[in-house]
Number of protein chains: 2
Amino acid sequence: MENFTAYNPTVLHFGRNILTALSSTLKEYGTRVLFIYGKGSIKTSGLYDQIRSYLSQAGLEVCEYEGIKSNPLIEDVDMAAATGRANKVDVILAVGGGSVIDSAKVIAATIPVQHTGWNFLDGNAKPKLAVPIVAVLTLAATGSEMNPFAVITNTATRQKWAFGSPLTFPKHSFLDPSLTLTVPADYTAYGIADLIAHCFEAWFGIGDTSLTDRFVVSIVKEAMANGPALLNDLQNYKLREKIMFSATMALNGMTMYGRAGGEWGVHSIGHCLSFLYRVPHGASLTIVYPAWLKYFKNQIPIRISQLGSALFDSQLSADESILKIEEFFRSIKCPIRLSEAGIKGDVRQSIYENMAVNKVNGGTMKLKETDFYPLIDLFL
Amino acid sequence: MENFTAYNPTVLHFGRNILTALSSTLKEYGTRVLFIYGKGSIKTSGLYDQIRSYLSQAGLEVCEYEGIKSNPLIEDVDMAAATGRANKVDVILAVGGGSVIDSAKVIAATIPVQHTGWNFLDGNAKPKLAVPIVAVLTLAATGSEMNPFAVITNTATRQKWAFGSPLTFPKHSFLDPSLTLTVPADYTAYGIADLIAHCFEAWFGIGDTSLTDRFVVSIVKEAMANGPALLNDLQNYKLREKIMFSATMALNGMTMYGRAGGEWGVHSIGHCLSFLYRVPHGASLTIVYPAWLKYFKNQIPIRISQLGSALFDSQLSADESILKIEEFFRSIKCPIRLSEAGIKGDVRQSIYENMAVNKVNGGTMKLKETDFYPLIDLFL
């Protein structure tokens with residue numbers, strides 16, 4: 001094991017009807033709320049009206065920022081922060097999936113300062129203060145509800161980068177699985193893929209830790225055992241519950257205990273595909289992970305074989321493990337090649353260039369620019 | 001799954017040489033420290049001198065309370081609280097195993113008030129304030145380092161009761177596995193038994209939650225895989241590390257996600273044996289758990305069989321599972337009958353009476369007084 005620090009102060013409220021405690025929770029932080037959300041699906045589902053009703057019954061003053069994009073943009077972060085700053089908000093209420101909650105984290109750090117939030121992403125500034133965040137999750141996928149991390153896109157610099165600070169954990173997150181019952185099959189599958197990929201990034205991270213490995217395998221097996229059934233029965237509350245809980249556990253810190261860091265090479269390549277071609281995040285990961293495993297299978301054959309053998313309960317070689325993982329992703333109808341996501345033609349150079357701009361690297365297995373083309377060729 | 005709230009704000013520092021950050025951590029809370037510890041083993045090991053040196057280098061004002069007992073007593077809690085109150089301490093530094101850290105929690109709540117700490121144990125008072133606690137762990141067993149719970153004995157009332165409040169999580173806990181290298185074989189084994197029993201109390205708790213079950217099985221398998229090896233090689237740092245990490249995970253909340261509560265019937269019977277006969281806590285659990293399983297095997301055969309089958313990787317009946325669990329406890333030289341702990345003769349009535357005084361009950365499987373004698377007869 002590597003030395004590590006475990007710290008996660010988020011209060012997670014999980015289950016049916018938990019939103020009744022939302023406004024009393026917000027009031028712990030003050031009376032002025034910045035309510036942020038995405039494209040408006042919470043309006044069609046009725047969740048928006050329900051929350052506005054809770055807020056007005058509690059006498060909270062609310063300003064709103066609507067329209068956070070999936071693959072969220074720094075422009076929205078800066079505009080939402082300006083709204084929050086102008087209204088002197090006490091707390092941010094983020095309602096949505098990972099994009100909205102990720103945005104909330106950078107907004108929280110940007111409200112108290114005079115510069116763009118991008119300065120936190122590019123490392124030119126560190127937050128000293130952050131407005132408290134309360135989150136309501138509507139999509140099981142990223143784990144943002146119980147970690148301090150955010151991934152934000154800067155169209156101008158063509159970068160999609162990550163950020164995190166101990167100040168940007170949500171104070172409270174509300175997870176009612178019934179809010180995910182309306183998520184369509186494709187995004188349900190991408191969420192399952194995302195949580196599995198988070199576990200893989202931990203598994204291939206830096207440091208050897210047998211109990212944490214067992215936790216990682218537990219989460220992936222739970223997702224593999226219940227994900228396909230959920231895709232055949234999208235209205236099944238009990239299956240939604242299992243996947244929502246698994247997604248939170250996949251990136252709340254417990255898969256990283258005893259490690260000096262995760263791998264994250266696949267995520268950083270995936271971010272390029274999302275930036276360039278708007279490939280949904282989870283789909284970008286099912287495209288890149290098999291290629292990454294193939295590219296490194298001669299360097300880390302035992303680690304890949306251990307993962308496959310644990311997941312599929314039989315002794316598998318690295319090659320067999322990779323095939324089985326591809327098969328699983330295919331079984332939940334996720335693309336395992338970029339062409340299967342509809343992106344064809346001469347894209348090698350664009351991907352290469354964007355990987356260079358984003359300084360794609362990795363944790364355990366460092367990627368150099370000379371690795372980019374042969375790796376890209378494995379997922380086209 | 002049952003609705004649940006996950007919350008654990010303790011900062012856990014794990015690994016080699018982490019104590020170098022101890023005094024800067026204490027200084028976050030002030031300059032006046034109440035340093036509490038046990039029977040003096042930290043003096044013979046040199047840890048006491050090391051810590052005093054860190055504290056004096058940092059210019060901290062220190063008062064001490066020495067002599068917390070294993071199966072800690074409310075008298076010590078009240079006396080230590082009086083010392084802390086008189087010295088207007090800002091923070092408690094608890095150095096030791098579960099007894100010292102458990103005591104620190106009740107001391108922390110008792111310093112700000114004018115009554116005995118027992119009022120928190122018997123439910124007549126709830127803490128509104130608590131002095132911050134920083135812990136240094138020297139024994140892998142109870143998990144007290146990352147939870148808010150304390151178990152304290154009241155000799156006058158013949159009760160050994162539990163308490164916990166969101167205010168009594170340690171703020172920081174320092175876990176350096178090398179501090180456990182000197183723990184003798186018997187207490188090392190009792191610690192392994194304790195952590196396994198904590199997992200069992202979660203497994204037999206209230207509510208069905210498949211991913212949490214996987215976590216529970218992960219922790220017990222890790223302890224069963226590494227515990228016997230450690231007992232043959234007590235100086236092995238890597239094995240100490242695995243057991244210390246497992247013990248913390250066994251009672252930090254993650255085994256209870258999705259449950260409405262744990263079982264805890266065995267623990268409350270075990271507390272009676274510790275109270276009456278000074279049976280070490282871990283040993284009391286290996287004595288009572290097989291008996292409890294036998295007593296309830298016709299009511300929850302599937303749940304017992306699922307546990308045994310998962311732990312031992314083969315399809316086992318409830319009876320076979322119980323035998324295998326007994327065999328494991330025996331293999332680490334823990335008693336599985338009270339007589340094996342040297343307690344013989346006519347003890348049935350004393351145990352019965354103490355169970356009644358302590359209102360022994362349980363979570364999923366409620367115990368009535370009519371259950372006491374037949375259950376006792378299974379572990380004599």
# chains A, B, ... in the order shown; residues from 1 in each chain; ligands from 1

call {"tool": "interface_residues", "arguments": {"of": "chain A", "to": "chain B", "cutoff": "8 Å", "atoms": "only C-alpha atoms", "output": "list in words"}}
result
Met1, Glu2, Asn3, Phe4, Thr5, Ala6, Tyr7, Asn8, Pro9, Thr10, Val11, Leu12, His13, Phe14, Gly15, Arg16, Ser210, Leu211, Arg214, Phe215, Ser218, Ile219, Glu222, Lys238, Glu241, Lys242 and Ser246 of chain A

call {"tool": "write_last_selection", "arguments": {"atoms": "N, CA and C atoms", "output": "tab-separated table (two decimals), in the first residue's frame"}}
result
chain	number	residue	atom	x	y	z
A	1	MET	N	0.84	-1.20	0.00
A	1	MET	CA	0.00	0.00	0.00
A	1	MET	C	0.87	1.25	0.00
A	2	GLU	N	0.35	2.29	-0.63
A	2	GLU	CA	0.97	3.60	-0.54
A	2	GLU	C	0.33	4.35	0.63
A	3	ASN	N	1.08	5.26	1.24
A	3	ASN	CA	0.45	6.15	2.23
A	3	ASN	C	-0.74	6.86	1.57
A	4	PHE	N	-1.80	7.06	2.33
A	4	PHE	CA	-2.94	7.78	1.76
A	4	PHE	C	-3.69	8.52	2.86
A	5	THR	N	-4.48	9.48	2.44
A	5	THR	CA	-5.39	10.19	3.33
A	5	THR	C	-6.80	9.96	2.82
A	6	ALA	N	-7.66	9.48	3.70
A	6	ALA	CA	-9.07	9.30	3.34
A	6	ALA	C	-9.86	10.45	3.94
A	7	TYR	N	-10.61	11.13	3.12
A	7	TYR	CA	-11.43	12.25	3.61
A	7	TYR	C	-12.58	12.46	2.66
A	8	ASN	N	-13.78	12.39	3.17
A	8	ASN	CA	-14.95	12.66	2.35
A	8	ASN	C	-16.09	13.17	3.23
A	9	PRO	N	-16.24	14.49	3.32
A	9	PRO	CA	-17.21	15.06	4.26
A	9	PRO	C	-18.64	15.17	3.72
A	10	THR	N	-18.89	14.75	2.48
A	10	THR	CA	-20.24	14.90	1.92
A	10	THR	C	-21.26	14.08	2.72
A	11	VAL	N	-22.39	14.71	3.01
A	11	VAL	CA	-23.51	13.97	3.61
A	11	VAL	C	-24.38	13.46	2.46
A	12	LEU	N	-24.47	12.15	2.34
A	12	LEU	CA	-25.22	11.54	1.24
A	12	LEU	C	-26.56	11.05	1.76
A	13	HIS	N	-27.64	11.58	1.18
A	13	HIS	CA	-28.99	11.15	1.56
A	13	HIS	C	-29.51	10.26	0.43
A	14	PHE	N	-29.78	9.02	0.73
A	14	PHE	CA	-30.09	8.06	-0.33
A	14	PHE	C	-31.44	7.39	-0.07
A	15	GLY	N	-32.31	7.38	-1.07
A	15	GLY	CA	-33.54	6.61	-0.95
A	15	GLY	C	-34.75	7.37	-1.47
A	16	ARG	N	-35.90	6.82	-1.18
A	16	ARG	CA	-37.17	7.40	-1.63
A	16	ARG	C	-37.55	8.60	-0.78
A	210	SER	N	-4.64	-4.83	-1.62
A	210	SER	CA	-5.53	-5.96	-1.90
A	210	SER	C	-6.97	-5.72	-1.48
A	211	LEU	N	-7.22	-5.08	-0.34
A	211	LEU	CA	-8.63	-4.87	0.06
A	211	LEU	C	-9.31	-3.88	-0.88
A	214	ARG	N	-10.41	-5.56	-3.84
A	214	ARG	CA	-11.68	-6.28	-3.64
A	214	ARG	C	-12.87	-5.33	-3.75
A	215	PHE	N	-12.72	-4.10	-3.23
A	215	PHE	CA	-13.82	-3.13	-3.34
A	215	PHE	C	-14.08	-2.80	-4.81
A	218	SER	N	-15.85	-5.58	-6.42
A	218	SER	CA	-17.23	-5.62	-5.92
A	218	SER	C	-18.13	-4.66	-6.71
A	219	ILE	N	-17.64	-3.46	-6.93
A	219	ILE	CA	-18.47	-2.45	-7.60
A	219	ILE	C	-18.68	-2.82	-9.07
A	222	GLU	N	-21.07	-5.75	-9.34
A	222	GLU	CA	-22.44	-5.30	-9.06
A	222	GLU	C	-23.03	-4.62	-10.31
A	238	LYS	N	-35.67	-1.04	-8.08
A	238	LYS	CA	-34.62	-1.73	-7.34
A	238	LYS	C	-33.31	-1.79	-8.14
A	241	GLU	N	-31.76	1.69	-8.19
A	241	GLU	CA	-31.15	1.90	-6.88
A	241	GLU	C	-29.74	1.28	-6.83
A	242	LYS	N	-29.62	0.06	-7.32
A	242	LYS	CA	-28.33	-0.62	-7.28
A	242	LYS	C	-27.30	0.12	-8.14
A	246	SER	N	-23.99	2.13	-6.86
A	246	SER	CA	-22.69	1.69	-7.39
A	246	SER	C	-21.91	2.85	-7.99

call {"tool": "atom_distance", "arguments": {"atom1": "atom CA of Phe312 of chain A", "atom2": "atom CA of Phe379 of chain A"}}
result
23.5 Å

call {"tool": "closest_residue", "arguments": {"among": "B:Met224, B:Val131, B:Leu93, B:Leu285", "to": "Tyr190 of chain B", "atoms": "only C-alpha atoms"}}
result
B:Leu285

call {"tool": "residues_around", "arguments": {"residues": "Tyr352 of chain B", "least_positions_apart": "5", "cutoff": "9 Å", "atoms": "only C-alpha atoms", "output": "PyMOL selection string"}}
result
chain B and resi 347+357+369+372-373+376

call {"tool": "write_last_selection", "arguments": {"atoms": "N, CA and C atoms", "output": "mmCIF file, in the first residue's frame"}}
result
data_model
loop_
_atom_site.group_PDB
_atom_site.id
_atom_site.type_symbol
_atom_site.label_atom_id
_atom_site.label_comp_id
_atom_site.auth_asym_id
_atom_site.auth_seq_id
_atom_site.Cartn_x
_atom_site.Cartn_y
_atom_site.Cartn_z
ATOM 1 N N VAL B 347 -22.097 -20.517 35.900
ATOM 2 C CA VAL B 347 -22.121 -19.104 35.498
ATOM 3 C C VAL B 347 -23.406 -18.725 34.765
ATOM 4 N N VAL B 357 -29.976 -7.068 32.945
ATOM 5 C CA VAL B 357 -29.628 -5.709 33.391
ATOM 6 C C VAL B 357 -29.237 -4.837 32.196
ATOM 7 N N GLU B 369 -36.025 -12.392 27.040
ATOM 8 C CA GLU B 369 -35.377 -13.059 28.183
ATOM 9 C C GLU B 369 -35.534 -14.573 28.118
ATOM 10 N N PHE B 372 -32.601 -16.277 26.570
ATOM 11 C CA PHE B 372 -31.259 -16.131 27.143
ATOM 12 C C PHE B 372 -30.649 -17.477 27.532
ATOM 13 N N TYR B 373 -31.362 -18.272 28.336
ATOM 14 C CA TYR B 373 -30.749 -19.531 28.805
ATOM 15 C C TYR B 373 -30.390 -20.481 27.659
ATOM 16 N N ILE B 376 -27.320 -19.073 26.008
ATOM 17 C CA ILE B 376 -26.130 -19.196 26.865
ATOM 18 C C ILE B 376 -25.601 -20.631 26.824
#

call {"tool": "residues_around", "arguments": {"residues": "Leu230 of chain A", "least_positions_apart": "2", "cutoff": "12 Å", "atoms": "only C-alpha atoms", "output": "ChimeraX atom specification"}}
result
/A:180-181,183-186,188-189,191-192,222-228,232-244,332

call {"tool": "atom_distance", "arguments": {"atom1": "atom CA of Ala80 of chain A", "atom2": "atom CA of Ser41 of chain A"}}
result
18.7 Å

call {"tool": "atom_distance", "arguments": {"atom1": "atom CA of Leu19 of chain A", "atom2": "atom CA of Ile51 of chain A"}}
result
8.3 Å

call {"tool": "residues_around", "arguments": {"residues": "segment 125-129 of chain A", "least_positions_apart": "5", "cutoff": "6 Å", "atoms": "only C-alpha atoms", "output": "PyMOL selection string"}}
result
chain A and resi 109+119-120

call {"tool": "residues_around", "arguments": {"residues": "Ser99 of chain B", "least_positions_apart": "5", "cutoff": "7 Å", "atoms": "only C-alpha atoms", "output": "ChimeraX atom specification"}}
result
/B:69-72

call {"tool": "write_last_selection", "arguments": {"atoms": "N, CA and C atoms", "output": "compact mmCIF listing (two decimals), in the first residue's frame"}}
result
# COMPACT_ATOMS: atom_id res chain seq x y z
N LYS B 69 -8.57 2.04 31.06
CA LYS B 69 -8.55 0.56 31.07
C LYS B 69 -9.07 0.00 29.74
N SER B 70 -8.65 -1.25 29.43
CA SER B 70 -9.40 -1.94 28.37
C SER B 70 -10.76 -2.27 28.99
N ASN B 71 -11.83 -2.35 28.18
CA ASN B 71 -13.20 -2.25 28.71
C ASN B 71 -13.28 -0.99 29.58
N PRO B 72 -13.19 0.17 28.96
CA PRO B 72 -12.98 1.42 29.71
C PRO B 72 -14.15 1.78 30.61

call {"tool": "select_by_dssp", "arguments": {"residues": "segment 127-196 of chain B", "states": "strand (DSSP E or B)", "output": "PyMOL selection string"}}
result
chain B and resi 133-137+149-154+159-164+172-175

call {"tool": "residues_around", "arguments": {"residues": "Ala150 of chain A", "least_positions_apart": "2", "cutoff": "9 Å", "atoms": "only C-alpha atoms", "output": "NGL selection string"}}
result
:A and (98-99 or 101-106 or 121 or 144 or 147-148 or 152 or 161-164 or 168)

call {"tool": "select_by_dssp", "arguments": {"residues": "segment 101-163 of chain A", "states": "helix (DSSP H, G or I)", "output": "list in words"}}
result
Ile101, Asp102, Ser103, Ala104, Lys105, Val106, Ile107, Ala108, Ala109, Thr110, Trp118, Asn119, Phe120, Leu121, Ser144, Glu145 and Met146 of chain A

call {"tool": "write_last_selection", "arguments": {"atoms": "N, CA and C atoms", "output": "JSON list (two decimals), in the first residue's frame"}}
result
[["chain", "number", "residue", "atom", "x", "y", "z"],
["A", 101, "ILE", "N", -23.33, 19.17, -11.58],
["A", 101, "ILE", "CA", -22.64, 19.17, -10.28],
["A", 101, "ILE", "C", -21.17, 19.56, -10.46],
["A", 102, "ASP", "N", -20.54, 19.08, -11.53],
["A", 102, "ASP", "CA", -19.17, 19.52, -11.82],
["A", 102, "ASP", "C", -19.12, 21.04, -11.98],
["A", 103, "SER", "N", -20.05, 21.57, -12.75],
["A", 103, "SER", "CA", -20.08, 23.03, -12.95],
["A", 103, "SER", "C", -20.24, 23.76, -11.62],
["A", 104, "ALA", "N", -21.11, 23.23, -10.76],
["A", 104, "ALA", "CA", -21.35, 23.87, -9.46],
["A", 104, "ALA", "C", -20.05, 24.04, -8.69],
["A", 105, "LYS", "N", -19.16, 23.06, -8.81],
["A", 105, "LYS", "CA", -17.91, 23.11, -8.02],
["A", 105, "LYS", "C", -17.03, 24.28, -8.46],
["A", 106, "VAL", "N", -16.96, 24.48, -9.78],
["A", 106, "VAL", "CA", -16.12, 25.58, -10.26],
["A", 106, "VAL", "C", -16.83, 26.92, -10.05],
["A", 107, "ILE", "N", -18.13, 26.91, -10.19],
["A", 107, "ILE", "CA", -18.91, 28.13, -9.87],
["A", 107, "ILE", "C", -18.69, 28.51, -8.40],
["A", 108, "ALA", "N", -18.72, 27.51, -7.53],
["A", 108, "ALA", "CA", -18.57, 27.75, -6.08],
["A", 108, "ALA", "C", -17.25, 28.44, -5.76],
["A", 109, "ALA", "N", -16.21, 28.04, -6.48],
["A", 109, "ALA", "CA", -14.89, 28.63, -6.24],
["A", 109, "ALA", "C", -14.74, 29.97, -6.96],
["A", 110, "THR", "N", -15.52, 30.18, -8.03],
["A", 110, "THR", "CA", -15.36, 31.39, -8.85],
["A", 110, "THR", "C", -16.16, 32.57, -8.30],
["A", 118, "TRP", "N", -11.68, 29.30, -15.25],
["A", 118, "TRP", "CA", -10.67, 28.48, -15.94],
["A", 118, "TRP", "C", -9.32, 28.50, -15.21],
["A", 119, "ASN", "N", -9.05, 29.61, -14.52],
["A", 119, "ASN", "CA", -7.78, 29.69, -13.78],
["A", 119, "ASN", "C", -7.63, 28.56, -12.77],
["A", 120, "PHE", "N", -8.74, 28.03, -12.28],
["A", 120, "PHE", "CA", -8.65, 26.88, -11.37],
["A", 120, "PHE", "C", -8.34, 25.60, -12.16],
["A", 121, "LEU", "N", -8.88, 25.51, -13.37],
["A", 121, "LEU", "CA", -8.65, 24.31, -14.18],
["A", 121, "LEU", "C", -7.22, 24.24, -14.68],
["A", 144, "SER", "N", -19.88, 12.47, -9.21],
["A", 144, "SER", "CA", -19.59, 13.86, -8.81],
["A", 144, "SER", "C", -20.30, 14.24, -7.51],
["A", 145, "GLU", "N", -21.40, 13.55, -7.21],
["A", 145, "GLU", "CA", -22.19, 13.85, -6.02],
["A", 145, "GLU", "C", -21.45, 13.58, -4.71],
["A", 146, "MET", "N", -20.38, 12.80, -4.76],
["A", 146, "MET", "CA", -19.66, 12.50, -3.51],
["A", 146, "MET", "C", -18.15, 12.58, -3.71]]

call {"tool": "closest_residue", "arguments": {"among": "B:Ala86, B:Ala141, B:Leu167, B:Ile92", "to": "Gln114 of chain B", "atoms": "only C-alpha atoms"}}
result
B:Ala86

call {"tool": "closest_residue", "arguments": {"among": "A:Asp208, A:Glu64, A:Asp346, A:Glu340", "to": "Val279 of chain A", "atoms": "only C-alpha atoms"}}
result
A:Glu340
